[in-house]
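Trainee: Take a look at structure.cif, mmCIF, C-alpha atoms and all ligand atoms:
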```
data_protein
#
loop_
_atom_site.label_atom_id
_atom_site.label_comp_id
_atom_site.auth_asym_id
_atom_site.auth_seq_id
_atom_site.Cartn_x
_atom_site.Cartn_y
_atom_site.Cartn_z
CA MET M 4 84.82 -59.04 -54.10
CA GLU M 5 81.20 -59.11 -52.95
CA VAL M 6 80.22 -56.56 -50.30
CA THR M 7 77.12 -56.89 -48.21
CA SER M 8 75.28 -53.96 -46.72
CA VAL M 9 72.02 -53.93 -44.86
CA ARG M 10 69.19 -51.43 -44.78
CA ILE M 11 68.27 -50.23 -41.30
CA LYS M 12 65.22 -48.23 -40.35
CA VAL M 13 66.45 -44.90 -38.95
CA SER M 14 64.12 -45.13 -35.94
CA LYS M 15 65.46 -48.63 -35.17
CA GLU M 16 69.08 -47.46 -35.39
CA LYS M 17 68.33 -44.60 -33.00
CA GLN M 18 66.56 -46.85 -30.47
CA PHE M 19 69.41 -49.37 -30.72
CA ILE M 20 72.11 -46.78 -29.91
CA GLU M 21 69.97 -45.53 -27.01
CA ARG M 22 69.72 -49.09 -25.64
CA ILE M 23 73.49 -49.48 -25.86
CA TYR M 24 74.20 -46.22 -24.00
CA ASN M 25 71.54 -46.95 -21.36
CA GLY M 26 73.33 -50.28 -21.00
CA TYR M 27 76.60 -48.49 -20.20
CA GLY M 28 74.82 -46.42 -17.53
CA PHE M 29 74.18 -43.14 -19.38
CA SER M 30 70.85 -41.40 -18.63
CA ARG M 31 67.98 -41.72 -21.13
CA LYS M 32 68.42 -38.07 -22.16
CA ASP M 33 72.18 -38.41 -22.71
CA SER M 34 71.74 -41.72 -24.59
CA ALA M 35 69.18 -40.08 -26.90
CA LEU M 36 71.55 -37.19 -27.59
CA ILE M 37 74.49 -39.48 -28.40
CA ALA M 38 72.19 -41.54 -30.66
CA ASP M 39 71.05 -38.39 -32.46
CA THR M 40 74.63 -37.33 -33.32
CA LEU M 41 75.59 -40.77 -34.65
CA VAL M 42 72.38 -41.36 -36.63
CA ASP M 43 72.67 -37.85 -38.07
CA ALA M 44 76.14 -38.74 -39.44
CA ASP M 45 74.82 -41.96 -41.02
CA LEU M 46 71.85 -40.11 -42.53
CA ARG M 47 74.28 -37.67 -44.15
CA GLY M 48 76.37 -40.53 -45.58
CA ILE M 49 79.24 -39.82 -43.14
CA THR M 50 79.39 -43.55 -42.39
CA SER M 51 82.91 -43.21 -40.91
CA HIS M 52 81.40 -41.33 -37.94
CA GLY M 53 77.97 -42.92 -37.52
CA VAL M 54 77.09 -46.22 -35.82
CA GLN M 55 80.50 -47.42 -37.09
CA ARG M 56 82.13 -45.43 -34.26
CA LEU M 57 80.32 -47.48 -31.52
CA ALA M 58 83.18 -50.00 -31.49
CA MET M 59 85.78 -47.30 -30.76
CA TYR M 60 83.63 -45.78 -28.01
CA ASP M 61 83.01 -49.26 -26.57
CA ARG M 62 86.76 -49.86 -26.21
CA LYS M 63 87.18 -46.49 -24.50
CA ILE M 64 84.26 -47.01 -22.11
CA ARG M 65 85.59 -50.44 -21.16
CA SER M 66 89.10 -48.99 -20.61
CA LYS M 67 87.53 -46.26 -18.44
CA TYR M 68 88.82 -43.52 -20.74
CA ILE M 69 85.19 -42.46 -21.24
CA ILE M 70 83.44 -42.26 -17.87
CA PRO M 71 79.63 -42.31 -18.19
CA TYR M 72 78.78 -40.74 -14.83
CA ASN M 73 81.25 -37.84 -14.99
CA LYS M 74 79.99 -34.30 -15.52
CA TRP M 75 82.05 -31.51 -17.04
CA THR M 76 83.18 -28.42 -15.07
CA VAL M 77 83.01 -24.84 -16.34
CA LEU M 78 86.47 -23.53 -15.37
CA ASN M 79 86.10 -19.96 -16.48
CA GLN M 80 83.69 -17.83 -18.48
CA THR M 81 83.17 -14.29 -19.73
CA LYS M 82 80.35 -12.74 -21.78
CA THR M 83 81.96 -14.14 -24.93
CA SER M 84 83.92 -17.21 -23.87
CA VAL M 85 83.79 -20.40 -21.87
CA LEU M 86 86.53 -22.83 -20.88
CA VAL M 87 85.35 -26.29 -19.87
CA ASP M 88 87.04 -29.37 -18.41
CA ALA M 89 85.11 -32.34 -19.81
CA ASN M 90 86.31 -34.65 -17.02
CA HIS M 91 86.51 -37.49 -19.58
CA THR M 92 82.79 -37.68 -20.30
CA MET M 93 81.48 -38.54 -23.83
CA GLY M 94 82.72 -35.86 -26.26
CA GLN M 95 79.24 -35.54 -27.80
CA LEU M 96 77.60 -34.55 -24.50
CA VAL M 97 80.03 -31.83 -23.49
CA SER M 98 80.13 -30.55 -27.09
CA VAL M 99 76.36 -30.06 -27.34
CA PHE M 100 76.41 -28.33 -23.94
CA VAL M 101 79.20 -25.94 -24.95
CA MET M 102 77.76 -25.21 -28.40
CA ASP M 103 74.34 -24.39 -26.88
CA HIS M 104 76.05 -22.22 -24.29
CA ILE M 105 78.06 -20.16 -26.81
CA ILE M 106 75.09 -19.86 -29.20
CA ASN M 107 73.25 -18.24 -26.34
CA LYS M 108 76.16 -15.89 -25.63
CA ALA M 109 76.59 -15.04 -29.35
CA GLN M 110 72.88 -14.20 -29.63
CA ARG M 111 73.36 -11.65 -26.83
CA HIS M 112 76.90 -10.39 -27.50
CA GLY M 113 77.54 -11.11 -31.20
CA LEU M 114 80.33 -13.68 -30.84
CA ALA M 115 81.36 -16.42 -28.46
CA ILE M 116 84.04 -19.10 -28.27
CA GLY M 117 84.05 -22.33 -26.27
CA ILE M 118 87.19 -24.32 -25.49
CA VAL M 119 87.15 -27.81 -23.97
CA ARG M 120 89.94 -29.96 -22.59
CA ASN M 121 90.12 -33.50 -21.15
CA SER M 122 87.37 -34.64 -23.49
CA ASN M 123 86.79 -37.65 -25.70
CA HIS M 124 86.18 -38.10 -29.43
CA PHE M 125 83.13 -35.96 -30.39
CA GLY M 126 82.18 -37.63 -33.72
CA ALA M 127 81.46 -35.52 -36.81
CA ALA M 128 82.49 -31.88 -36.25
CA GLY M 129 79.73 -30.57 -38.53
CA TYR M 130 76.92 -31.55 -36.11
CA TYR M 131 77.91 -28.74 -33.72
CA ALA M 132 78.63 -26.15 -36.43
CA ARG M 133 75.15 -26.78 -37.86
CA MET M 134 73.60 -26.10 -34.42
CA ALA M 135 74.77 -22.48 -34.82
CA ALA M 136 73.59 -22.16 -38.45
CA LYS M 137 70.11 -23.39 -37.45
CA LYS M 138 69.91 -20.30 -35.23
CA GLY M 139 71.08 -17.92 -37.98
CA LEU M 140 74.69 -17.86 -36.71
CA ILE M 141 77.98 -18.89 -38.28
CA GLY M 142 79.45 -21.96 -36.56
CA ILE M 143 83.06 -23.14 -36.60
CA THR M 144 84.03 -26.31 -34.74
CA SER M 145 87.13 -28.41 -34.46
CA THR M 146 88.94 -31.02 -32.41
CA ASN M 147 92.33 -32.64 -32.16
CA THR M 148 92.66 -36.44 -32.30
CA ASN M 149 95.10 -39.32 -32.09
CA PRO M 150 98.45 -38.76 -33.83
CA LEU M 151 97.53 -39.78 -37.39
CA LEU M 152 98.99 -37.19 -39.78
CA VAL M 153 102.61 -37.49 -40.90
CA PRO M 154 104.10 -34.00 -41.51
CA PRO M 155 105.99 -33.43 -44.80
CA HIS M 156 109.45 -35.06 -44.70
CA ALA M 157 108.70 -36.91 -41.42
CA ARG M 158 108.28 -40.70 -41.12
CA GLN M 159 106.00 -40.73 -38.11
CA PRO M 160 102.59 -39.18 -37.36
CA PHE M 161 102.46 -36.18 -35.05
CA LEU M 162 99.28 -34.15 -35.71
CA GLY M 163 95.72 -35.49 -35.67
CA SER M 164 93.27 -35.84 -38.53
CA ASN M 165 92.06 -32.60 -36.87
CA PRO M 166 88.69 -31.94 -38.55
CA LEU M 167 87.41 -28.46 -39.17
CA ALA M 168 83.72 -27.73 -39.76
CA PHE M 169 82.17 -24.48 -40.92
CA ALA M 170 78.44 -23.77 -41.20
CA PHE M 171 76.92 -20.55 -42.56
CA PRO M 172 73.15 -19.95 -42.80
CA THR M 173 71.60 -19.74 -46.28
CA ARG M 174 68.08 -19.05 -47.56
CA THR M 175 67.33 -22.77 -47.71
CA GLY M 176 69.35 -24.12 -44.78
CA SER M 177 73.09 -23.80 -44.46
CA PHE M 178 76.35 -24.13 -46.31
CA VAL M 179 78.47 -26.70 -44.45
CA PHE M 180 82.03 -27.77 -45.01
CA ASP M 181 83.09 -30.54 -42.62
CA ALA M 182 86.29 -32.50 -43.19
CA ALA M 183 89.52 -33.80 -41.73
CA THR M 184 92.56 -31.60 -42.43
CA SER M 185 94.46 -34.76 -43.34
CA THR M 186 93.73 -36.20 -46.81
CA VAL M 187 90.98 -38.19 -45.16
CA SER M 188 89.74 -39.31 -41.73
CA LEU M 189 90.94 -42.57 -40.23
CA GLY M 190 87.28 -43.64 -40.06
CA LYS M 191 87.02 -43.57 -43.86
CA ILE M 192 89.94 -46.01 -44.08
CA GLU M 193 88.15 -48.29 -41.57
CA VAL M 194 85.02 -48.21 -43.73
CA LEU M 195 87.03 -49.07 -46.87
CA LEU M 196 88.51 -52.09 -45.05
CA LYS M 197 85.06 -53.27 -43.97
CA ASN M 198 83.94 -53.01 -47.60
CA ASN M 199 86.97 -54.95 -48.91
CA ARG M 200 88.26 -51.93 -50.79
CA GLN M 201 91.79 -50.56 -51.18
CA VAL M 202 92.60 -46.98 -50.25
CA PRO M 203 92.46 -44.91 -53.45
CA GLY M 204 95.11 -42.34 -54.35
CA GLU M 205 97.76 -40.72 -52.23
CA TRP M 206 96.16 -40.78 -48.78
CA ALA M 207 98.67 -42.63 -46.62
CA ILE M 208 102.32 -43.69 -46.43
CA ASP M 209 104.46 -46.32 -44.76
CA GLY M 210 107.52 -45.66 -42.61
CA ASN M 211 109.70 -45.15 -45.73
CA ARG M 212 107.34 -42.44 -47.01
CA GLU M 213 106.14 -44.79 -49.76
CA GLN M 214 102.46 -44.64 -50.71
CA GLN M 215 100.46 -47.27 -48.79
CA ASN M 216 97.07 -48.35 -50.15
CA ASP M 217 96.26 -51.36 -47.99
CA PRO M 218 93.76 -50.24 -45.31
CA GLN M 219 94.63 -53.08 -42.89
CA THR M 220 98.35 -52.21 -42.99
CA ILE M 221 97.59 -48.51 -42.42
CA LEU M 222 95.28 -49.25 -39.47
CA ASP M 223 97.71 -51.77 -37.92
CA GLU M 224 100.52 -49.23 -38.07
CA LEU M 225 98.34 -46.48 -36.59
CA SER M 226 97.33 -48.65 -33.65
CA ARG M 227 100.94 -49.26 -32.54
CA ALA M 228 102.56 -47.35 -29.69
CA HIS M 229 105.53 -46.34 -31.90
CA ARG M 230 103.89 -45.56 -35.20
CA LEU M 231 105.74 -45.23 -38.49
CA GLY M 232 103.84 -43.98 -41.49
CA GLY M 233 100.25 -42.76 -41.39
CA ILE M 234 97.84 -40.41 -43.12
CA LEU M 235 99.15 -37.54 -45.26
CA PRO M 236 98.20 -33.88 -44.96
CA LEU M 237 95.84 -32.44 -47.59
CA GLY M 238 97.99 -32.15 -50.70
CA GLY M 239 99.49 -35.62 -50.23
CA LEU M 240 103.14 -36.62 -50.50
CA ASP M 241 104.74 -33.74 -52.34
CA GLU M 242 105.39 -30.05 -52.05
CA ALA M 243 104.40 -29.82 -55.73
CA ASN M 244 100.82 -30.54 -54.64
CA SER M 245 101.04 -28.02 -51.78
CA ASN M 246 101.07 -30.55 -48.93
CA TYR M 247 102.62 -27.85 -46.75
CA LYS M 248 99.25 -26.05 -46.86
CA GLY M 249 97.34 -29.07 -45.50
CA PHE M 250 100.07 -29.38 -42.88
CA GLY M 251 99.63 -25.71 -41.96
CA ILE M 252 95.83 -25.97 -41.69
CA SER M 253 96.13 -29.03 -39.45
CA LEU M 254 98.60 -27.10 -37.27
CA ILE M 255 96.12 -24.22 -37.02
CA VAL M 256 93.56 -26.72 -35.68
CA GLU M 257 96.08 -27.94 -33.13
CA CYS M 258 96.62 -24.30 -32.01
CA LEU M 259 92.88 -23.67 -31.66
CA THR M 260 92.28 -26.91 -29.75
CA SER M 261 95.04 -28.46 -27.63
CA ILE M 262 97.25 -25.37 -27.40
CA LEU M 263 94.45 -22.93 -26.50
CA ALA M 264 92.87 -25.48 -24.14
CA GLN M 265 96.27 -26.31 -22.61
CA GLY M 266 95.38 -29.96 -23.15
CA SER M 267 97.38 -32.83 -24.67
CA ILE M 268 98.65 -32.21 -28.18
CA SER M 269 97.66 -34.93 -30.69
CA ALA M 270 101.20 -36.36 -30.62
CA ASP M 271 100.75 -37.20 -26.93
CA LEU M 272 97.26 -38.68 -27.15
CA GLY M 273 98.33 -42.11 -28.40
CA ASN M 274 95.72 -44.82 -28.17
CA LYS M 275 94.29 -43.57 -24.87
CA ASN M 276 92.82 -40.65 -26.74
CA HIS M 277 90.87 -39.26 -23.76
CA ASP M 278 92.49 -35.86 -23.19
CA ILE M 279 91.12 -34.45 -26.42
CA SER M 280 90.51 -30.71 -26.84
CA HIS M 281 87.73 -29.04 -28.84
CA PHE M 282 87.14 -25.57 -30.27
CA PHE M 283 83.67 -24.04 -30.86
CA LEU M 284 82.82 -20.62 -32.28
CA ALA M 285 79.45 -18.93 -32.89
CA LEU M 286 79.30 -15.60 -34.72
CA ASP M 287 76.22 -13.48 -35.38
CA PRO M 288 76.34 -12.21 -39.00
CA THR M 289 73.93 -9.40 -38.12
CA LEU M 290 76.91 -7.60 -36.54
CA PHE M 291 77.67 -6.70 -40.16
CA GLY M 292 74.32 -6.39 -41.95
CA SER M 293 70.84 -7.90 -42.24
CA LEU M 294 70.59 -11.70 -42.01
CA ASP M 295 68.32 -11.76 -45.08
CA ASP M 296 70.89 -9.91 -47.20
CA ILE M 297 73.85 -11.97 -45.99
CA GLU M 298 72.06 -15.33 -46.35
CA GLY M 299 70.80 -14.18 -49.73
CA SER M 300 74.23 -13.26 -51.09
CA LEU M 301 75.73 -16.59 -50.02
CA SER M 302 72.81 -18.48 -51.56
CA ASP M 303 73.23 -16.50 -54.81
CA MET M 304 76.97 -17.15 -54.91
CA LEU M 305 76.47 -20.93 -54.41
CA GLU M 306 73.82 -20.99 -57.16
CA ARG M 307 76.14 -19.15 -59.57
CA MET M 308 78.85 -21.75 -58.90
CA ARG M 309 76.45 -24.63 -59.50
CA HIS M 310 75.70 -23.16 -62.92
CA LEU M 311 79.26 -22.51 -64.06
CA ASP M 312 80.18 -23.84 -67.49
CA HIS M 313 81.17 -27.47 -67.21
CA LEU M 314 81.82 -30.46 -69.42
CA PRO M 315 78.65 -32.30 -70.58
CA ASP M 316 79.14 -35.39 -68.39
CA ASP M 317 80.26 -33.46 -65.32
CA GLU M 318 78.39 -31.88 -62.45
CA ILE M 319 79.55 -29.14 -60.09
CA THR M 320 79.21 -30.22 -56.48
CA ILE M 321 79.44 -27.67 -53.68
CA PRO M 322 80.81 -28.88 -50.31
CA GLY M 323 77.86 -29.94 -48.19
CA ASP M 324 75.66 -30.91 -51.19
CA LYS M 325 76.38 -34.64 -50.91
CA GLU M 326 75.41 -34.72 -47.26
CA ILE M 327 72.13 -32.87 -47.95
CA GLN M 328 71.28 -35.27 -50.81
CA ASN M 329 72.05 -38.28 -48.59
CA TYR M 330 70.01 -36.80 -45.73
CA ASP M 331 66.96 -36.46 -47.98
CA LYS M 332 67.45 -39.94 -49.47
CA ASN M 333 68.05 -41.77 -46.17
CA GLN M 334 65.13 -40.38 -44.15
CA THR M 335 63.46 -43.76 -43.65
CA ASN M 336 66.22 -46.26 -44.24
CA GLY M 337 69.95 -45.93 -43.75
CA VAL M 338 72.60 -48.32 -45.04
CA VAL M 339 75.12 -50.05 -42.77
CA ASP M 340 77.74 -52.56 -43.88
CA GLU M 341 77.41 -56.09 -42.52
CA LYS M 342 80.75 -56.01 -40.65
CA THR M 343 79.66 -52.94 -38.68
CA LEU M 344 76.32 -54.59 -37.98
CA ASN M 345 78.05 -57.69 -36.55
CA GLU M 346 80.43 -55.53 -34.54
CA VAL M 347 77.65 -53.48 -32.90
CA ASN M 348 75.48 -56.54 -32.27
CA GLU M 349 78.38 -58.17 -30.40
CA ILE M 350 78.40 -55.09 -28.13
CA ALA M 351 74.61 -55.43 -27.66
CA ASP M 352 74.98 -59.12 -26.74
CA ARG M 353 77.66 -58.34 -24.18
CA LEU M 354 75.50 -55.59 -22.61
CA GLY M 355 72.43 -57.87 -22.69
CA VAL M 356 70.33 -55.48 -24.82
CA SER M 357 68.44 -56.48 -27.96
CA GLU M 358 70.27 -56.46 -31.30
CA LEU M 359 69.90 -54.08 -34.25
CA VAL M 360 67.32 -55.59 -36.60
CA THR M 361 67.79 -55.09 -40.33
CA SER M 362 65.16 -54.43 -42.99
CA ASN M 363 66.75 -56.02 -46.04
CA THR M 364 70.14 -56.92 -47.48
CA ILE M 365 71.89 -55.37 -50.47
CA ARG M 366 74.72 -57.26 -52.20
CA GLU M 367 77.09 -55.34 -54.48
N1 LIG U 401 86.11 -36.47 -34.24
C1 LIG U 401 87.21 -36.66 -34.90
O1 LIG U 401 88.23 -36.87 -34.29
C2 LIG U 401 87.24 -36.61 -36.40
C3 LIG U 401 88.47 -36.65 -37.06
C4 LIG U 401 88.48 -36.56 -38.44
C5 LIG U 401 87.29 -36.43 -39.15
N2 LIG U 401 86.13 -36.40 -38.46
C6 LIG U 401 84.85 -36.29 -39.19
O2 LIG U 401 84.89 -37.19 -40.28
C7 LIG U 401 83.96 -36.78 -41.25
C8 LIG U 401 84.52 -37.09 -42.62
O3 LIG U 401 85.71 -36.35 -42.87
P1 LIG U 401 86.60 -36.68 -44.15
O4 LIG U 401 87.65 -35.65 -44.28
O5 LIG U 401 86.99 -38.10 -44.11
O6 LIG U 401 85.50 -36.52 -45.30
P2 LIG U 401 85.64 -36.19 -46.85
O7 LIG U 401 87.01 -36.39 -47.35
O8 LIG U 401 84.53 -36.95 -47.48
O9 LIG U 401 85.28 -34.63 -46.93
C9 LIG U 401 84.03 -34.20 -46.50
C10 LIG U 401 83.74 -32.78 -46.95
O10 LIG U 401 84.05 -32.63 -48.33
C11 LIG U 401 82.85 -32.33 -49.07
N3 LIG U 401 82.92 -33.05 -50.34
C12 LIG U 401 83.08 -34.39 -50.49
N4 LIG U 401 83.12 -34.70 -51.81
C13 LIG U 401 82.98 -33.53 -52.47
C14 LIG U 401 82.95 -33.17 -53.86
N5 LIG U 401 83.07 -34.08 -54.81
N6 LIG U 401 82.79 -31.86 -54.18
C15 LIG U 401 82.66 -30.92 -53.22
N7 LIG U 401 82.70 -31.20 -51.90
C16 LIG U 401 82.85 -32.48 -51.54
C17 LIG U 401 81.72 -32.80 -48.21
O11 LIG U 401 80.51 -32.11 -48.51
C18 LIG U 401 82.25 -32.47 -46.81
O12 LIG U 401 82.07 -31.12 -46.50
C19 LIG U 401 83.67 -35.32 -40.93
O13 LIG U 401 82.35 -35.26 -40.40
C20 LIG U 401 84.66 -34.95 -39.85
O14 LIG U 401 84.20 -33.98 -38.91
C21 LIG U 401 86.06 -36.47 -37.11
O1 LIG U 402 90.35 -39.74 -33.58
C1 LIG U 402 90.47 -40.75 -34.24
O2 LIG U 402 91.08 -41.73 -33.81
C2 LIG U 402 89.95 -40.92 -35.60
C3 LIG U 402 89.04 -39.89 -36.17
O3 LIG U 402 87.72 -40.09 -35.82
C4 LIG U 402 89.17 -40.08 -37.66
O4 LIG U 402 88.35 -40.79 -38.24
O5 LIG U 402 90.13 -39.55 -38.23
#
```
Show me, as structure tokens, the structure contained in the file I just sent.
Mentor:
Amino acid sequence: MEVTSVRIKVSKEKQFIERIYNGYGFSRKDSALIADTLVDADLRGITSHGVQRLAMYDRKIRSKYIIPYNKWTVLNQTKTSVLVDANHTMGQLVSVFVMDHIINKAQRHGLAIGIVRNSNHFGAAGYYARMAAKKGLIGITSTNTNPLLVPPHARQPFLGSNPLAFAFPTRTGSFVFDAATSTVSLGKIEVLLKNNRQVPGEWAIDGNREQQNDPQTILDELSRAHRLGGILPLGGLDEANSNYKGFGISLIVECLTSILAQGSISADLGNKNHDISHFFLALDPTLFGSLDDIEGSLSDMLERMRHLDHLPDDEITIPGDKEIQNYDKNQTNGVVDEKTLNEVNEIADRLGVSELVTSNTIRE
């Protein structure tokens, strides 16, 4: 089936998202920050969490789950920690604030952790982890989400897609791993649907624990109040493929986010999804040695892996490589599918701001 995508100038996409958020009543500064996080995801090829996510945020703003004028409250802090109540503001805004705050603390005291409750969806977790790596620190970030992940042997989702991002400075930038702890994020299934593609492999199941590959059916089920079936943990359907390990890692995320924050666990978030909890950590590697040496040994290790023996037609890809390649390739023009474009332009029309203008159309 033919799929249509459109090329969008990066600067135009950024200005468009800023117009939308100004339209909701966010300040110019906050709108620019939100735009930066979403455009950054698109530039890196994380299309599930770029401009595609405007529709989800639009529903939440209209339902008053995201409240544009609210400011977060710092509930408690020490030299190495901060606990914040987001007061239902945009997840991106409170997350950048907390990450900046703990980077500052880690630069003075070696390590700092930020915990947030009563927040909203914060987009791609890697954005905040990379903020630490840019300052020569290790960053670890995470969030809980809607109930999306069906534990082994269960028929209904309970945990979130609970992403975990890790960024470590290298000689040339940073090593970044940023992924859901379920087989895949829900956003990726949305993107497959928009591109008329089936879900590949063992990513999701129905209420009888049978593999489900139709993206529309998966999304319909996951939007119901009483969900049956959903996304599988890393490792898929069976113990033979170690699905209990993906389950365990997703549970660790739940402990670091909702449990530590004393917020709502993913199972209780449902479609309201506005009592989300986040976890942020910044660690100064110079507690243990010189930054040059530590960055150097990671860079050397990654290079050795890239050059491992492999079959002639294969290539070894390190986590994070794809996003860096996309970032370099998409500097001027990003690619957005036509369904997302129509979706976001409907939002623009409703808010009375000008639409996103495309450069040219690609048909595949
Ligand atoms: N805010 C939320 O609630 C939420 C929830 C889930 C996911 N997310 C975000 O969704 C995004 C996508 O997550 P996902 O799990 O769907 O993505 P994914 O399955 O594509 O995994 C992405 C990670 O795997 C690496 N990777 C991909 N292909 C690779 C290969 N062939 N070899 C080596 N490494 C490879 C990437 O570099 C990246 O680090 C992330 O940015 C995540 O933070 C956000
Ligand atoms: O939190 C969600 O609803 C979805 C998340 O962004 C995901 O794509 O898995």
Trainee: Using only C-alpha atoms, give me every residue within 8 Å of (89.4, -30.6, -19.2) in file coordinates, as a list of chain:residue names.
Mentor: M:Trp75, M:Thr76, M:Val87, M:Asp88, M:Ala89, M:Asn90, M:His91, M:Val119, M:Arg120, M:Asn121, M:Ser122, M:Ala264, M:Gly266, M:Asp278, M:Ser280
Trainee: Enumerate residues in contact with ligand LIG 402 (chain U): an atom-to-atom distance of at most 9 Å, counting only C-alpha atoms and all ligand atoms. Format the result as an MDAnalysis selection string.
Mentor: chainID M and resid 51:52 56 59 123:127 146:151 163:166 183 185 187:193 274 276 279
Trainee: Hey, which of M:Asn246, M:Thr186, M:Asn199, M:Thr81 ends up closest to ligand LIG 401 (chain U)? Count all atoms listed in the file.
Mentor: M:Thr186
Trainee: Using atom CA of M:His277 and atom CA of M:Tyr24 as the two end points, give the distance in Å to one decimal.
Mentor: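 About the pair atom CA of M:His277 and atom CA of M:Tyr24: they are 18.1 Å apart.
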Trainee: Name all residues at most 12 Å from M:Asp45 (count all atoms listed in the file; drop same-chain ones fewer than 6 positions away) and give them as a ChimeraX atom specification.
Mentor: /M:10-13,16-17,38-39,51-56,126-127,130,326-327,329-340
Trainee: Starting from the structure just given, write a file holding stretch 124-151 of chain M with C-alpha atoms, as a tab-separated table (two decimals), in the first residue's frame.
Mentor:
```
chain	number	residue	atom	x	y	z
M	124	HIS	CA	4.04	12.59	29.57
M	125	PHE	CA	7.61	13.94	29.08
M	126	GLY	CA	8.32	12.67	25.52
M	127	ALA	CA	11.59	10.89	24.71
M	128	ALA	CA	13.51	10.04	27.90
M	129	GLY	CA	16.89	10.42	26.18
M	130	TYR	CA	16.54	14.22	25.80
M	131	TYR	CA	17.08	14.71	29.55
M	132	ALA	CA	19.80	12.06	29.92
M	133	ARG	CA	21.75	13.77	27.12
M	134	MET	CA	21.55	17.10	29.00
M	135	ALA	CA	23.80	15.51	31.66
M	136	ALA	CA	26.22	13.96	29.14
M	137	LYS	CA	26.66	17.35	27.43
M	138	LYS	CA	28.09	18.57	30.75
M	139	GLY	CA	30.44	15.59	31.14
M	140	LEU	CA	28.08	13.74	33.52
M	141	ILE	CA	26.31	10.40	33.29
M	142	GLY	CA	22.54	10.83	32.96
M	143	ILE	CA	19.83	8.27	33.71
M	144	THR	CA	16.18	9.19	33.18
M	145	SER	CA	12.91	7.34	33.30
M	146	THR	CA	9.16	7.67	33.61
M	147	ASN	CA	6.11	5.54	34.16
M	148	THR	CA	3.19	5.68	31.70
M	149	ASN	CA	-0.28	4.37	30.98
M	150	PRO	CA	-0.83	0.67	31.73
M	151	LEU	CA	0.44	-0.86	28.47
```
